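Below: one structure, written as structure tokens.
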Amino acid sequence: MKPNWVFDASPLIVLGKASLLSTISPLAENWIIPESVVKEVSRKGDIELLLSKLSDNSRVERQTVAIEPLVANWNLGNGESEAITLAVKNSEYGVILDDLPARKCAKILNLPLIGSLGLVVKAKKEGLLEFAK
């Protein structure tokens, strides 16, 4: 069974700018997008276009969540905090984070974790990309 991944804003933006969202789409059963991430990405571009590309081969689900106090203590951005909280509350979710403090938090909380580059490498290994440099 494919994993469920929760996106933070920066990986979503980076992979969108690199035109890789359709490519990575098959790597997950569900892509979870916290509402804070939707708001942050919407300020920089067309969120609906990005989400439609991500949903080419998987389900995309937007979720609202109250940030866990344990996560709030890390003083991360809202998007990172909501993404980590969703993974804390749902053991079948992993998080997609590029920000170092957020990655440290996720590691300490023992959450499945991958970044933008990790998704590109995974897509290459699964034959979804011809080459990756």
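In the structure tokens, chains take the letters A, B, ... in the order shown, each chain's residues start at 1, and ligands count up from 1 in the order shown.
Excluding region 62-72 of chain A itself and any same-chain residue fewer than 6 positions from it, the protein and nucleic acid residues within 9 Å of it, counting only C-alpha atoms, are Trp31, Ile32, Ile33, Pro34, Glu35, Ser36, Val38, Asn78, Ser81, Glu82, Ala83, Ile84, Thr85, Leu86, Val88, Lys89 and Cys105 of chain A.
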Go ahead and write the residues just picked, C-alpha atoms, as an mmCIF file, in the first residue's frame.
```cif
data_model
loop_
_atom_site.group_PDB
_atom_site.id
_atom_site.type_symbol
_atom_site.label_atom_id
_atom_site.label_comp_id
_atom_site.auth_asym_id
_atom_site.auth_seq_id
_atom_site.Cartn_x
_atom_site.Cartn_y
_atom_site.Cartn_z
ATOM 1 C CA TRP A 31 -1.639 13.826 -0.396
ATOM 2 C CA ILE A 32 -2.842 15.790 2.632
ATOM 3 C CA ILE A 33 -2.710 19.592 2.467
ATOM 4 C CA PRO A 34 -3.243 21.525 5.722
ATOM 5 C CA GLU A 35 -5.352 24.681 5.361
ATOM 6 C CA SER A 36 -2.445 26.880 6.541
ATOM 7 C CA VAL A 38 -3.253 26.257 1.247
ATOM 8 C CA ASN A 78 1.687 27.480 10.821
ATOM 9 C CA SER A 81 3.064 23.009 12.614
ATOM 10 C CA GLU A 82 -0.199 21.840 11.025
ATOM 11 C CA ALA A 83 1.590 19.288 8.823
ATOM 12 C CA ILE A 84 3.439 17.828 11.815
ATOM 13 C CA THR A 85 0.278 17.873 13.953
ATOM 14 C CA LEU A 86 -1.636 15.936 11.296
ATOM 15 C CA VAL A 88 1.153 13.140 15.066
ATOM 16 C CA LYS A 89 -2.625 12.608 15.138
ATOM 17 C CA CYS A 105 10.870 18.358 15.259
#
```
Long-range neighbours of Pro26 (chain A) as a PyMOL selection string, 9 Å cut-off, only C-alpha atoms, 2 positions minimum in chain: chain A and resi 2+22-24+28-29+54-58+123+128
Would you give me, as a VMD selection string, the residues in region 28-113 of chain A that DSSP reads as helix (DSSP H, G or I)? chain A and resid 35 to 42 47 to 54 69 to 72 78 to 89 100 to 108
Could you dump the residues just selected with C-alpha atoms as a PDB file, in the first residue's frame?
```pdb
ATOM      1  CA  GLU A  35      -5.352  24.681   5.361  1.00  0.00           C
ATOM      2  CA  SER A  36      -2.445  26.880   6.541  1.00  0.00           C
ATOM      3  CA  VAL A  37      -0.407  25.487   3.664  1.00  0.00           C
ATOM      4  CA  VAL A  38      -3.253  26.257   1.247  1.00  0.00           C
ATOM      5  CA  LYS A  39      -3.320  29.859   2.494  1.00  0.00           C
ATOM      6  CA  GLU A  40       0.462  30.266   2.303  1.00  0.00           C
ATOM      7  CA  VAL A  41       0.755  28.805  -1.194  1.00  0.00           C
ATOM      8  CA  SER A  42      -2.263  30.826  -2.404  1.00  0.00           C
ATOM      9  CA  ILE A  47      -3.034  26.599  -5.398  1.00  0.00           C
ATOM     10  CA  GLU A  48      -5.839  24.938  -7.340  1.00  0.00           C
ATOM     11  CA  LEU A  49      -3.557  24.365 -10.336  1.00  0.00           C
ATOM     12  CA  LEU A  50      -0.902  22.795  -8.104  1.00  0.00           C
ATOM     13  CA  LEU A  51      -3.428  20.566  -6.360  1.00  0.00           C
ATOM     14  CA  SER A  52      -4.950  19.445  -9.661  1.00  0.00           C
ATOM     15  CA  LYS A  53      -1.510  18.358 -10.925  1.00  0.00           C
ATOM     16  CA  LEU A  54      -0.837  16.533  -7.655  1.00  0.00           C
ATOM     17  CA  PRO A  69       0.747  22.108  22.133  1.00  0.00           C
ATOM     18  CA  LEU A  70       3.786  19.812  21.841  1.00  0.00           C
ATOM     19  CA  VAL A  71       4.272  21.009  18.250  1.00  0.00           C
ATOM     20  CA  ALA A  72       3.415  24.643  19.045  1.00  0.00           C
ATOM     21  CA  ASN A  78       1.687  27.480  10.821  1.00  0.00           C
ATOM     22  CA  GLY A  79       2.057  25.259   7.757  1.00  0.00           C
ATOM     23  CA  GLU A  80       4.855  23.194   9.274  1.00  0.00           C
ATOM     24  CA  SER A  81       3.064  23.009  12.614  1.00  0.00           C
ATOM     25  CA  GLU A  82      -0.199  21.840  11.025  1.00  0.00           C
ATOM     26  CA  ALA A  83       1.590  19.288   8.823  1.00  0.00           C
ATOM     27  CA  ILE A  84       3.439  17.828  11.815  1.00  0.00           C
ATOM     28  CA  THR A  85       0.278  17.873  13.953  1.00  0.00           C
ATOM     29  CA  LEU A  86      -1.636  15.936  11.296  1.00  0.00           C
ATOM     30  CA  ALA A  87       1.108  13.295  11.249  1.00  0.00           C
ATOM     31  CA  VAL A  88       1.153  13.140  15.066  1.00  0.00           C
ATOM     32  CA  LYS A  89      -2.625  12.608  15.138  1.00  0.00           C
ATOM     33  CA  LEU A 100      15.560  22.193   9.091  1.00  0.00           C
ATOM     34  CA  PRO A 101      13.876  23.101  12.427  1.00  0.00           C
ATOM     35  CA  ALA A 102      10.642  21.429  11.257  1.00  0.00           C
ATOM     36  CA  ARG A 103      12.601  18.344  10.157  1.00  0.00           C
ATOM     37  CA  LYS A 104      14.279  18.188  13.576  1.00  0.00           C
ATOM     38  CA  CYS A 105      10.870  18.358  15.259  1.00  0.00           C
ATOM     39  CA  ALA A 106       9.505  15.567  13.048  1.00  0.00           C
ATOM     40  CA  LYS A 107      12.553  13.388  13.722  1.00  0.00           C
ATOM     41  CA  ILE A 108      12.275  13.875  17.478  1.00  0.00           C
TER      42      ILE A 108
END
```
Determine which residues of chain A receive a DSSP assignment of strand (DSSP E), computed from the backbone, and state them as a list in words. Asn4, Trp5, Val6, Phe7, Asn30, Trp31, Ile32, Ile33, Pro34, Arg59, Val60, Glu61, Arg62, Gln63, Tyr93, Gly94, Val95, Ile96, Leu113 and Ile114 of chain A
Emit the selected residues as a compact mmCIF listing (two decimals), in the first residue's frame, including N, CA and C atoms.
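Result written to part21.txt:
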```txt
# COMPACT_ATOMS: atom_id res chain seq x y z
N ASN A 4 0.58 7.83 2.88
CA ASN A 4 -0.15 9.10 2.88
C ASN A 4 0.85 10.15 3.35
N TRP A 5 1.00 11.21 2.59
CA TRP A 5 1.97 12.26 2.92
C TRP A 5 1.28 13.59 3.14
N VAL A 6 1.73 14.32 4.16
CA VAL A 6 1.22 15.66 4.46
C VAL A 6 2.26 16.68 3.97
N PHE A 7 1.83 17.56 3.08
CA PHE A 7 2.72 18.57 2.51
C PHE A 7 2.83 19.81 3.38
N ASN A 30 -2.67 9.13 -0.70
CA ASN A 30 -3.31 10.43 -0.43
C ASN A 30 -2.24 11.47 -0.16
N TRP A 31 -2.46 12.65 -0.70
CA TRP A 31 -1.64 13.83 -0.40
C TRP A 31 -2.52 14.72 0.48
N ILE A 32 -2.07 15.00 1.68
CA ILE A 32 -2.84 15.79 2.63
C ILE A 32 -2.26 17.20 2.64
N ILE A 33 -3.13 18.19 2.51
CA ILE A 33 -2.71 19.59 2.47
C ILE A 33 -3.40 20.33 3.61
N PRO A 34 -2.64 20.74 4.64
CA PRO A 34 -3.24 21.52 5.72
C PRO A 34 -3.73 22.88 5.21
N ARG A 59 -5.20 10.84 -4.60
CA ARG A 59 -6.23 11.69 -4.00
C ARG A 59 -5.55 12.83 -3.23
N VAL A 60 -6.10 14.02 -3.37
CA VAL A 60 -5.63 15.18 -2.61
C VAL A 60 -6.74 15.59 -1.65
N GLU A 61 -6.35 15.77 -0.40
CA GLU A 61 -7.33 16.09 0.64
C GLU A 61 -6.85 17.28 1.45
N ARG A 62 -7.69 18.29 1.54
CA ARG A 62 -7.38 19.44 2.40
C ARG A 62 -7.95 19.17 3.79
N GLN A 63 -7.15 19.50 4.82
CA GLN A 63 -7.60 19.26 6.19
C GLN A 63 -7.28 20.46 7.08
N TYR A 93 0.17 8.76 8.47
CA TYR A 93 0.68 9.90 7.71
C TYR A 93 2.16 10.12 7.96
N GLY A 94 2.87 10.52 6.91
CA GLY A 94 4.22 11.04 7.03
C GLY A 94 4.21 12.50 6.62
N VAL A 95 5.31 13.21 6.86
CA VAL A 95 5.35 14.64 6.53
C VAL A 95 6.42 14.93 5.48
N ILE A 96 6.11 15.92 4.65
CA ILE A 96 7.05 16.39 3.62
C ILE A 96 7.51 17.77 4.06
N LEU A 113 9.32 10.88 7.46
CA LEU A 113 9.73 12.19 6.96
C LEU A 113 10.41 12.04 5.61
N ILE A 114 10.09 12.96 4.71
CA ILE A 114 10.78 13.06 3.42
C ILE A 114 10.77 14.53 3.02
```
